[in-house]
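Here is the structure we will look at.
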Amino acid sequence: MGEILIATSGYSYDDWRGEFYPDELPKEEFLRYYALFFPFVELNFSYYAMPSARGLSGMVGRTPDGFLFTLKAHRSITHEGGPGWRDDALAFVRAAGALADARRLAAVLVQLPFSFHHTPENRTYLADVLDALSPLPLAVEFRNNEWGGQRVLEELDRRGVGLVAVDRPDLPGLPNQADAVTGGLGYLRFHGRNAQSWWTGDNVSRYDYLYSDDELESCVPRVRRMAKAAKTLIVAFNNHAKGKAVKNATRLKELLFPA
């Protein structure tokens, strides 16, 4: 069974004060404090702003040896796909190299939008993106159920690219609740099950969900199955509102590894 790493998507949330961070803790100390409790963090800021090698190196310096990062690919690569995306991909690879060179990069998260359909054009584009980012360890998250076929899994595995499994609301068109592992890398993201606000909410309300103990217990077999097929299984809770991700990540660890 591969190593299971459980943590959260993001860490720099003001509404975690009093829920996880001490009220008086300066925000520049959030990452150092977070790393006392979790083995990695999934960085989302890199989707909105192109990361820099200097900034990522600074994050390495604020965390202990062995602490890992996953880094979300910039939106110009995954969502916009304009004429300059290859230049942006090169800049992203150079920046992320600061984590890779320090042996702190667990994966780059290539998250694709719901509107990214399984068409010949998109298959070609995705292949080009994976080629451009290939110096880095990669994991792909599809946001619709059109990419669940065996040929897709085989191609990801051939490339050594992980498939991101998700826990999400039970809504038509969303990815199947699969637990396939490709490329030796397991990656599971818990988005919450907020069906009412999934399509209409923002990045806070959509993920404002606290998993119950029963719901987490029902996920334990899935986590173990994925871990058996993976060298490493990354589990990231994205239900970040008001520190719910911290509570659920901590509880899942307790359920998987009871004292």
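As shown in the structure tokens, the chain order sets the letters A, B, ...; within each chain, residues go from 1, and ligands are also counted from 1 in the order they appear.
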query = Leaving out A:Asp170 and any residue of its chain fewer than 4 positions from it, which residues lie within 9 Å of it when counting only C-alpha atoms, given as an NGL selection string?
reply = :A and (174 or 193-195)
Print the selection's residues with N, CA and C atoms to a file, as a PDB file, in the first residue's frame.
ATOM      1  N   LEU A 174     -21.424  15.337 -13.794  1.00  0.00           N
ATOM      2  CA  LEU A 174     -20.171  15.426 -13.053  1.00  0.00           C
ATOM      3  C   LEU A 174     -19.416  14.105 -13.155  1.00  0.00           C
ATOM      4  N   ARG A 193     -20.455  18.166  -0.906  1.00  0.00           N
ATOM      5  CA  ARG A 193     -21.621  17.649  -1.638  1.00  0.00           C
ATOM      6  C   ARG A 193     -22.756  18.665  -1.662  1.00  0.00           C
ATOM      7  N   ASN A 194     -22.374  19.898  -1.933  1.00  0.00           N
ATOM      8  CA  ASN A 194     -23.316  21.014  -1.935  1.00  0.00           C
ATOM      9  C   ASN A 194     -24.041  21.089  -3.276  1.00  0.00           C
ATOM     10  N   ALA A 195     -25.039  20.257  -3.456  1.00  0.00           N
ATOM     11  CA  ALA A 195     -25.736  20.205  -4.748  1.00  0.00           C
ATOM     12  C   ALA A 195     -26.436  21.517  -5.072  1.00  0.00           C
TER      13      ALA A 195
END
Please report as a tab-separated table every residue of stretch 175-228 of chain A lying within 6 Å of stretch 151-168 of chain A, along with the nearest atom pair and their distance in Å (one decimal), using only C-alpha atoms.
residue	atom	partner	partner_atom	distance
A:Thr182	CA	A:Asp157	CA	4.6
A:Gly183	CA	A:Gly160	CA	3.8
A:Leu185	CA	A:Gly162	CA	5.0
A:Tyr187	CA	A:Val164	CA	4.8
A:Leu188	CA	A:Ala165	CA	4.7
A:Arg189	CA	A:Val166	CA	4.8
A:Phe190	CA	A:Asp167	CA	4.8
A:His191	CA	A:Arg168	CA	5.4
A:Gly192	CA	A:Arg168	CA	5.5
A:Arg193	CA	A:Arg168	CA	5.1
Can you write out the residues you just picked, keeping C-alpha atoms, as a PDB file, in the first residue's frame?
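selection38.pdb, written as the output of this step:
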ATOM      1  CA  THR A 182      -2.866   6.072 -13.281  1.00  0.00           C
ATOM      2  CA  GLY A 183       0.819   6.831 -13.531  1.00  0.00           C
ATOM      3  CA  LEU A 185      -0.002   8.604  -8.492  1.00  0.00           C
ATOM      4  CA  TYR A 187      -5.043  11.888  -6.101  1.00  0.00           C
ATOM      5  CA  LEU A 188      -8.429  12.353  -4.443  1.00  0.00           C
ATOM      6  CA  ARG A 189     -10.088  15.737  -3.961  1.00  0.00           C
ATOM      7  CA  PHE A 190     -13.046  16.222  -1.622  1.00  0.00           C
ATOM      8  CA  HIS A 191     -15.167  19.086  -2.940  1.00  0.00           C
ATOM      9  CA  GLY A 192     -18.121  18.657  -0.601  1.00  0.00           C
ATOM     10  CA  ARG A 193     -21.621  17.649  -1.638  1.00  0.00           C
TER      11      ARG A 193
END
query = Counting only C-alpha atoms, which of A:Leu56, A:Leu138, A:Leu5, A:Ala230 gets nearest to A:Leu109?
reply = A:Leu138
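Neighbours of A:Tyr125 closer than or equal to 10 Å, with only C-alpha atoms counted and sequence neighbours fewer than 4 positions away skipped, come out as Ile77, Thr78, Gly81, Thr119, Pro120, Glu121, Val129, Leu130 and Asp131 of chain A.
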ask   = Any idea what the distance is between atom CA of A:Thr63 and atom CA of A:Gly243?
value =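 Computing it gives 20.4 Å between the two atoms.
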key: Two-atom distance - atom CA of A:Leu233, atom CA of A:Ile6 (Å)   =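 Spanning atom CA of A:Leu233 to atom CA of A:Ile6 is a straight-line distance of 8.4 Å.
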inquiry  = So, with only C-alpha atoms as the atoms that count, which of A:Phe142, A:Trp199, A:Phe114, A:Phe38 lies closest to A:Ile4?
reply    =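 Of A:Phe142, A:Trp199, A:Phe114, A:Phe38, the one nearest A:Ile4 is A:Phe38, counting only C-alpha atoms.
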query = Between A:Ala49, A:Ala229, A:Ala7, A:Val60, which has the minimum distance to A:Ala249 (counting only C-alpha atoms)?
reply =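 Among the listed residues, the smallest separation from A:Ala249 belongs to A:Ala7.
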ask   = Got a sec to tell me which of stretch 43-122 of chain A DSSP assigns to alpha helix (DSSP H), as a count of residues only?
value = 34
key: Counting only C-alpha atoms, the option among A:Phe257, A:Gly186, A:Tyr211, A:Leu105 closest to A:Met226   = A:Gly186
task = Find the residues near A:Ser9: any atom within 7 Å, counting only C-alpha atoms, skip ones fewer than 4 places away on the same chain, and give them as a ChimeraX atom specification.
result = /A:41-43,236-238
Dump C-alpha atoms for the selected residues as an mmCIF file, in the first residue's frame?
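The file below, selection-v1.cif, is the result:
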data_model
loop_
_atom_site.group_PDB
_atom_site.id
_atom_site.type_symbol
_atom_site.label_atom_id
_atom_site.label_comp_id
_atom_site.auth_asym_id
_atom_site.auth_seq_id
_atom_site.Cartn_x
_atom_site.Cartn_y
_atom_site.Cartn_z
ATOM 1 C CA VAL A 41 -0.695 21.682 0.937
ATOM 2 C CA GLU A 42 -2.459 22.142 -2.381
ATOM 3 C CA LEU A 43 -1.668 25.631 -3.676
ATOM 4 C CA ALA A 236 -6.980 17.082 -0.479
ATOM 5 C CA PHE A 237 -10.075 18.572 1.124
ATOM 6 C CA ASN A 238 -11.343 21.542 -0.867
#
query = When you draw a straight line from atom CA of A:Pro135 to atom CA of A:Ser52, how long is it in Å?
reply = 16.6 Å
request  = May I ask which of the residues A:Asn176, A:Thr70, A:Thr200, A:Asn248 is the closest one to A:Gly149, counting only C-alpha atoms?
outcome  =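 Closest to A:Gly149, using only C-alpha atoms: A:Asn176.
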request  = Could you give me, as a list in words, the residues within 12 Å of A:Ser212, counting only C-alpha atoms and dropping anything in the same chain fewer than 3 positions from it?
outcome  = Gly192, Arg193, Tyr209, Glu215, Leu216, Glu217, Ser218, Cys219, Lys244, Ala245, Lys247, Asn248, Ala249, Arg251 and Leu252 of chain A
For N, CA and C atoms, I'd like the residues from the last selection saved as an mmCIF file, in the first residue's frame.
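Writing done, so here's selection-v7.cif:
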data_model
loop_
_atom_site.group_PDB
_atom_site.id
_atom_site.type_symbol
_atom_site.label_atom_id
_atom_site.label_comp_id
_atom_site.auth_asym_id
_atom_site.auth_seq_id
_atom_site.Cartn_x
_atom_site.Cartn_y
_atom_site.Cartn_z
ATOM 1 N N GLY A 192 -16.844 18.468 -1.271
ATOM 2 C CA GLY A 192 -18.121 18.657 -0.601
ATOM 3 C C GLY A 192 -19.257 18.178 -1.481
ATOM 4 N N ARG A 193 -20.455 18.166 -0.906
ATOM 5 C CA ARG A 193 -21.621 17.649 -1.638
ATOM 6 C C ARG A 193 -22.756 18.665 -1.662
ATOM 7 N N TYR A 209 -19.206 23.018 2.984
ATOM 8 C CA TYR A 209 -19.830 21.739 3.311
ATOM 9 C C TYR A 209 -18.976 21.011 4.323
ATOM 10 N N GLU A 215 -20.373 9.927 6.416
ATOM 11 C CA GLU A 215 -19.920 10.139 5.042
ATOM 12 C C GLU A 215 -18.427 9.841 4.907
ATOM 13 N N LEU A 216 -17.646 10.277 5.864
ATOM 14 C CA LEU A 216 -16.211 10.012 5.803
ATOM 15 C C LEU A 216 -15.925 8.522 5.955
ATOM 16 N N GLU A 217 -16.627 7.857 6.849
ATOM 17 C CA GLU A 217 -16.429 6.422 7.034
ATOM 18 C C GLU A 217 -16.736 5.655 5.756
ATOM 19 N N SER A 218 -17.741 6.123 5.019
ATOM 20 C CA SER A 218 -18.085 5.444 3.774
ATOM 21 C C SER A 218 -17.015 5.628 2.706
ATOM 22 N N CYS A 219 -16.143 6.621 2.869
ATOM 23 C CA CYS A 219 -15.071 6.884 1.908
ATOM 24 C C CYS A 219 -13.799 6.106 2.232
ATOM 25 N N LYS A 244 -13.641 24.026 7.513
ATOM 26 C CA LYS A 244 -14.244 22.691 7.431
ATOM 27 C C LYS A 244 -13.274 21.662 6.854
ATOM 28 N N ALA A 245 -12.413 22.090 5.924
ATOM 29 C CA ALA A 245 -11.440 21.175 5.342
ATOM 30 C C ALA A 245 -10.481 20.636 6.402
ATOM 31 N N LYS A 247 -11.082 20.273 9.626
ATOM 32 C CA LYS A 247 -11.817 19.326 10.479
ATOM 33 C C LYS A 247 -11.966 17.975 9.780
ATOM 34 N N ASN A 248 -12.339 17.992 8.511
ATOM 35 C CA ASN A 248 -12.570 16.729 7.809
ATOM 36 C C ASN A 248 -11.266 16.000 7.495
ATOM 37 N N ALA A 249 -10.221 16.715 7.154
ATOM 38 C CA ALA A 249 -8.938 16.064 6.899
ATOM 39 C C ALA A 249 -8.420 15.386 8.158
ATOM 40 N N ARG A 251 -10.218 14.339 10.693
ATOM 41 C CA ARG A 251 -11.078 13.219 11.045
ATOM 42 C C ARG A 251 -10.848 12.011 10.139
ATOM 43 N N LEU A 252 -10.657 12.239 8.841
ATOM 44 C CA LEU A 252 -10.396 11.115 7.937
ATOM 45 C C LEU A 252 -9.111 10.403 8.338
#
